[in-house]
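Dropping work01.pdb in here (PDB, C-alpha atoms):
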```
MODEL        1
ATOM      1  CA  MET X1398      15.587  17.462  21.934
ATOM      2  CA  PHE X1399      13.045  15.859  19.640
ATOM      3  CA  SER X1400      13.069  16.712  15.970
ATOM      4  CA  LEU X1401      10.397  15.968  13.423
ATOM      5  CA  ALA X1402      12.643  13.259  11.971
ATOM      6  CA  ILE X1403      12.756  11.487  15.360
ATOM      7  CA  VAL X1404       8.996  11.792  15.881
ATOM      8  CA  GLY X1405       8.348  10.555  12.326
ATOM      9  CA  GLY X1406      10.736   7.637  12.877
ATOM     10  CA  ILE X1407       9.037   6.670  16.133
ATOM     11  CA  LEU X1408       5.661   6.793  14.399
ATOM     12  CA  LEU X1409       7.051   4.689  11.548
ATOM     13  CA  ASN X1410       8.187   2.029  14.021
ATOM     14  CA  LEU X1411       4.821   2.130  15.779
ATOM     15  CA  GLY X1412       3.027   1.726  12.446
ATOM     16  CA  ALA X1413       5.250  -1.220  11.544
ATOM     17  CA  PHE X1414       4.426  -2.837  14.885
ATOM     18  CA  PHE X1415       0.705  -2.343  14.271
ATOM     19  CA  MET X1416       1.054  -3.877  10.805
ATOM     20  CA  PHE X1417       2.957  -6.825  12.328
ATOM     21  CA  LYS X1418       0.077  -7.367  14.764
ATOM     22  CA  GLY X1419      -2.398  -7.298  11.845
ATOM     23  CA  TRP X1420      -3.944  -3.934  12.708
ATOM     24  CA  ALA X1421      -3.759  -2.438   9.212
ATOM     25  CA  PHE X1422      -6.177   0.440   9.833
ATOM     26  CA  ARG X1423      -4.257   1.649  12.874
ATOM     27  CA  ALA X1424      -0.969   1.275  11.021
ATOM     28  CA  ILE X1425      -2.140   3.397   8.096
ATOM     29  CA  VAL X1426      -3.332   6.172  10.404
ATOM     30  CA  VAL X1427       0.011   6.182  12.231
ATOM     31  CA  TYR X1428       1.880   6.188   8.903
ATOM     32  CA  LEU X1429      -0.128   9.226   7.795
ATOM     33  CA  PHE X1430       0.873  11.094  10.959
ATOM     34  CA  ALA X1431       4.518  10.161  10.317
ATOM     35  CA  ASP X1432       4.146  11.539   6.791
ATOM     36  CA  ILE X1433       2.828  14.809   8.187
ATOM     37  CA  CYS X1434       6.024  15.135  10.233
ATOM     38  CA  TRP X1435       8.127  14.580   7.122
ATOM     39  CA  VAL X1436       6.119  17.046   5.021
ATOM     40  CA  ILE X1437       6.650  19.736   7.654
ATOM     41  CA  MET X1438      10.340  18.853   7.853
ATOM     42  CA  ALA X1439      10.731  19.023   4.052
ATOM     43  CA  TRP X1440       8.834  22.319   3.956
ATOM     44  CA  GLN X1441      11.123  23.813   6.621
ATOM     45  CA  LYS X1442      14.185  22.812   4.605
ATOM     46  CA  ASP X1443      12.686  24.425   1.458
ATOM     47  CA  ASP X1444      12.503  21.036  -0.249
ATOM     48  CA  LEU X1445       9.232  21.716  -1.999
ATOM     49  CA  LEU X1446       9.610  18.839  -4.458
ATOM     50  CA  GLY X1447      10.141  16.419  -1.556
ATOM     51  CA  ALA X1448       7.114  17.843   0.246
ATOM     52  CA  LEU X1449       5.074  17.416  -2.950
ATOM     53  CA  PHE X1450       6.066  13.758  -3.355
ATOM     54  CA  ILE X1451       5.429  12.990   0.309
ATOM     55  CA  SER X1452       2.047  14.742   0.121
ATOM     56  CA  SER X1453       1.039  12.789  -2.984
ATOM     57  CA  GLY X1454       2.003   9.551  -1.223
ATOM     58  CA  MET X1455      -0.080  10.604   1.773
ATOM     59  CA  PHE X1456      -3.045  11.244  -0.496
ATOM     60  CA  LEU X1457      -2.736   7.815  -2.124
ATOM     61  CA  GLY X1458      -2.335   6.186   1.290
ATOM     62  CA  PHE X1459      -5.451   7.954   2.523
ATOM     63  CA  LEU X1460      -7.388   6.747  -0.528
ATOM     64  CA  ALA X1461      -6.223   3.175   0.184
ATOM     65  CA  PHE X1462      -7.357   3.595   3.793
ATOM     66  CA  LEU X1463     -10.813   4.728   2.642
ATOM     67  CA  LYS X1464     -11.044   1.825   0.176
ATOM     68  CA  MET X1465     -10.099  -0.660   2.891
ATOM     69  CA  ARG X1466     -12.508   0.925   5.346
ATOM     70  CA  SER X1467     -15.412   0.722   2.894
ATOM     71  CA  GLY X1468     -14.768  -2.988   2.321
ATOM     72  CA  LYS X1469     -13.977  -2.718  -1.386
ATOM     73  CA  MET X1470     -10.470  -4.123  -0.895
ATOM     74  CA  ARG X1471     -11.081  -7.775  -0.078
ATOM     75  CA  LYS X1472      -7.908  -9.472  -1.311
ATOM     76  CA  SER X1473      -6.748 -12.272   0.911
ATOM     77  CA  LEU X1474      -3.082 -13.092   1.268
ATOM     78  CA  ASN X1475      -3.971 -16.769   1.666
ATOM     79  CA  THR X1476      -5.482 -17.239  -1.785
ATOM     80  CA  ASP X1477      -3.505 -17.841  -4.928
ATOM     81  CA  GLU X1478      -4.778 -15.638  -7.747
ATOM     82  CA  SER X1479      -3.423 -17.942 -10.463
ATOM     83  CA  HIS X1480      -5.916 -20.675  -9.476
ATOM     84  CA  GLU X1481      -9.026 -18.508  -9.213
ATOM     85  CA  LYS X1482     -11.805 -19.117 -11.710
ATOM     86  CA  ALA X1483     -12.803 -16.207 -13.917
TER
ENDMDL
END
```

Step by step, read the file and then write its structure as structure tokens.
Amino acid sequence: MFSLAIVGGILLNLGAFFMFKGWAFRAIVVYLFADICWVIMAWQKDDLLGALFISSGMFLGFLAFLKMRSGKMRKSLNTDESHEKA
């Protein structure tokens, strides 16, 4: 029997695999679906504060996804910020 915790965990592992492969956009979408599973699970257990925190994290993750998608987030992991010219 599958529970929402198992489905969310599988999605979390899938998102981590996508991030490992360098597919950040796909990973974020999968992470958001995993979060939906956990919000529903928290709601069913009457953990409204947990559902609120998970939902706020989902919202911030979605905003990061939109910022990445629009091209406004152009930080490279290969550059050292301490040596950049102002």

> Quick one: distance from CA of Tyr1428 (chain X) to CA of Leu1409 (chain X) in Å, one decimal?
Replying inline: 6.0 Å

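Look at Ser1400 (chain X): the protein and nucleic acid residues within 12 Å of it, using only C-alpha atoms and passing over chain neighbours fewer than 2 places away, are Met1398, Ala1402, Ile1403, Val1404, Gly1405, Gly1406, Ile1407, Cys1434, Trp1435, Ile1437, Met1438 and Gln1441 of chain X.
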
Output for the residues just chosen: C-alpha atoms as a PDB file, in the coordinates of the input:
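Okay, this is what ended up in out-v4.pdb:
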```pdb
ATOM      1  CA  MET X1398      15.587  17.462  21.934  1.00  0.00           C
ATOM      2  CA  ALA X1402      12.643  13.259  11.971  1.00  0.00           C
ATOM      3  CA  ILE X1403      12.756  11.487  15.360  1.00  0.00           C
ATOM      4  CA  VAL X1404       8.996  11.792  15.881  1.00  0.00           C
ATOM      5  CA  GLY X1405       8.348  10.555  12.326  1.00  0.00           C
ATOM      6  CA  GLY X1406      10.736   7.637  12.877  1.00  0.00           C
ATOM      7  CA  ILE X1407       9.037   6.670  16.133  1.00  0.00           C
ATOM      8  CA  CYS X1434       6.024  15.135  10.233  1.00  0.00           C
ATOM      9  CA  TRP X1435       8.127  14.580   7.122  1.00  0.00           C
ATOM     10  CA  ILE X1437       6.650  19.736   7.654  1.00  0.00           C
ATOM     11  CA  MET X1438      10.340  18.853   7.853  1.00  0.00           C
ATOM     12  CA  GLN X1441      11.123  23.813   6.621  1.00  0.00           C
TER      13      GLN X1441
END
```

> Can you list what the PyMOL selection byres ((chain X and resi 1449-1462) around 10) grabs from this structure, as a ChimeraX atom specification?
Replying inline: /X:1421-1426,1428-1433,1435-1436,1439-1440,1444-1448,1463-1467,1469-1470

Please output region 1446-1463 of chain X, rebuilt to include N, CA and C atoms, as a CSV table (one decimal), keeping the file's coordinate frame.
```
chain,number,residue,atom,x,y,z
X,1446,LEU,N,9.9,20.0,-3.7
X,1446,LEU,CA,9.6,18.8,-4.5
X,1446,LEU,C,9.4,17.6,-3.6
X,1447,GLY,N,10.3,17.5,-2.5
X,1447,GLY,CA,10.1,16.4,-1.6
X,1447,GLY,C,8.8,16.5,-0.8
X,1448,ALA,N,8.4,17.7,-0.4
X,1448,ALA,CA,7.1,17.8,0.2
X,1448,ALA,C,6.0,17.5,-0.7
X,1449,LEU,N,6.1,17.8,-2.0
X,1449,LEU,CA,5.1,17.4,-3.0
X,1449,LEU,C,5.0,15.9,-3.1
X,1450,PHE,N,6.1,15.2,-3.2
X,1450,PHE,CA,6.1,13.8,-3.4
X,1450,PHE,C,5.5,13.1,-2.1
X,1451,ILE,N,5.9,13.6,-0.9
X,1451,ILE,CA,5.4,13.0,0.3
X,1451,ILE,C,3.9,13.2,0.4
X,1452,SER,N,3.5,14.4,0.1
X,1452,SER,CA,2.0,14.7,0.1
X,1452,SER,C,1.2,13.9,-0.8
X,1453,SER,N,1.8,13.6,-2.0
X,1453,SER,CA,1.0,12.8,-3.0
X,1453,SER,C,1.0,11.4,-2.5
X,1454,GLY,N,2.0,10.9,-1.8
X,1454,GLY,CA,2.0,9.6,-1.2
X,1454,GLY,C,1.0,9.5,-0.1
X,1455,MET,N,0.9,10.6,0.7
X,1455,MET,CA,-0.1,10.6,1.8
X,1455,MET,C,-1.5,10.5,1.2
X,1456,PHE,N,-1.7,11.2,0.1
X,1456,PHE,CA,-3.0,11.2,-0.5
X,1456,PHE,C,-3.4,9.8,-1.0
X,1457,LEU,N,-2.5,9.2,-1.6
X,1457,LEU,CA,-2.7,7.8,-2.1
X,1457,LEU,C,-2.9,6.8,-1.0
X,1458,GLY,N,-2.2,7.0,0.1
X,1458,GLY,CA,-2.3,6.2,1.3
X,1458,GLY,C,-3.7,6.4,1.9
X,1459,PHE,N,-4.1,7.7,2.0
X,1459,PHE,CA,-5.5,8.0,2.5
X,1459,PHE,C,-6.6,7.3,1.7
X,1460,LEU,N,-6.4,7.4,0.3
X,1460,LEU,CA,-7.4,6.7,-0.5
X,1460,LEU,C,-7.4,5.2,-0.3
X,1461,ALA,N,-6.3,4.6,-0.1
X,1461,ALA,CA,-6.2,3.2,0.2
X,1461,ALA,C,-6.9,2.9,1.5
X,1462,PHE,N,-6.7,3.8,2.5
X,1462,PHE,CA,-7.4,3.6,3.8
X,1462,PHE,C,-8.9,3.7,3.6
X,1463,LEU,N,-9.4,4.6,2.9
X,1463,LEU,CA,-10.8,4.7,2.6
X,1463,LEU,C,-11.4,3.5,1.9
```
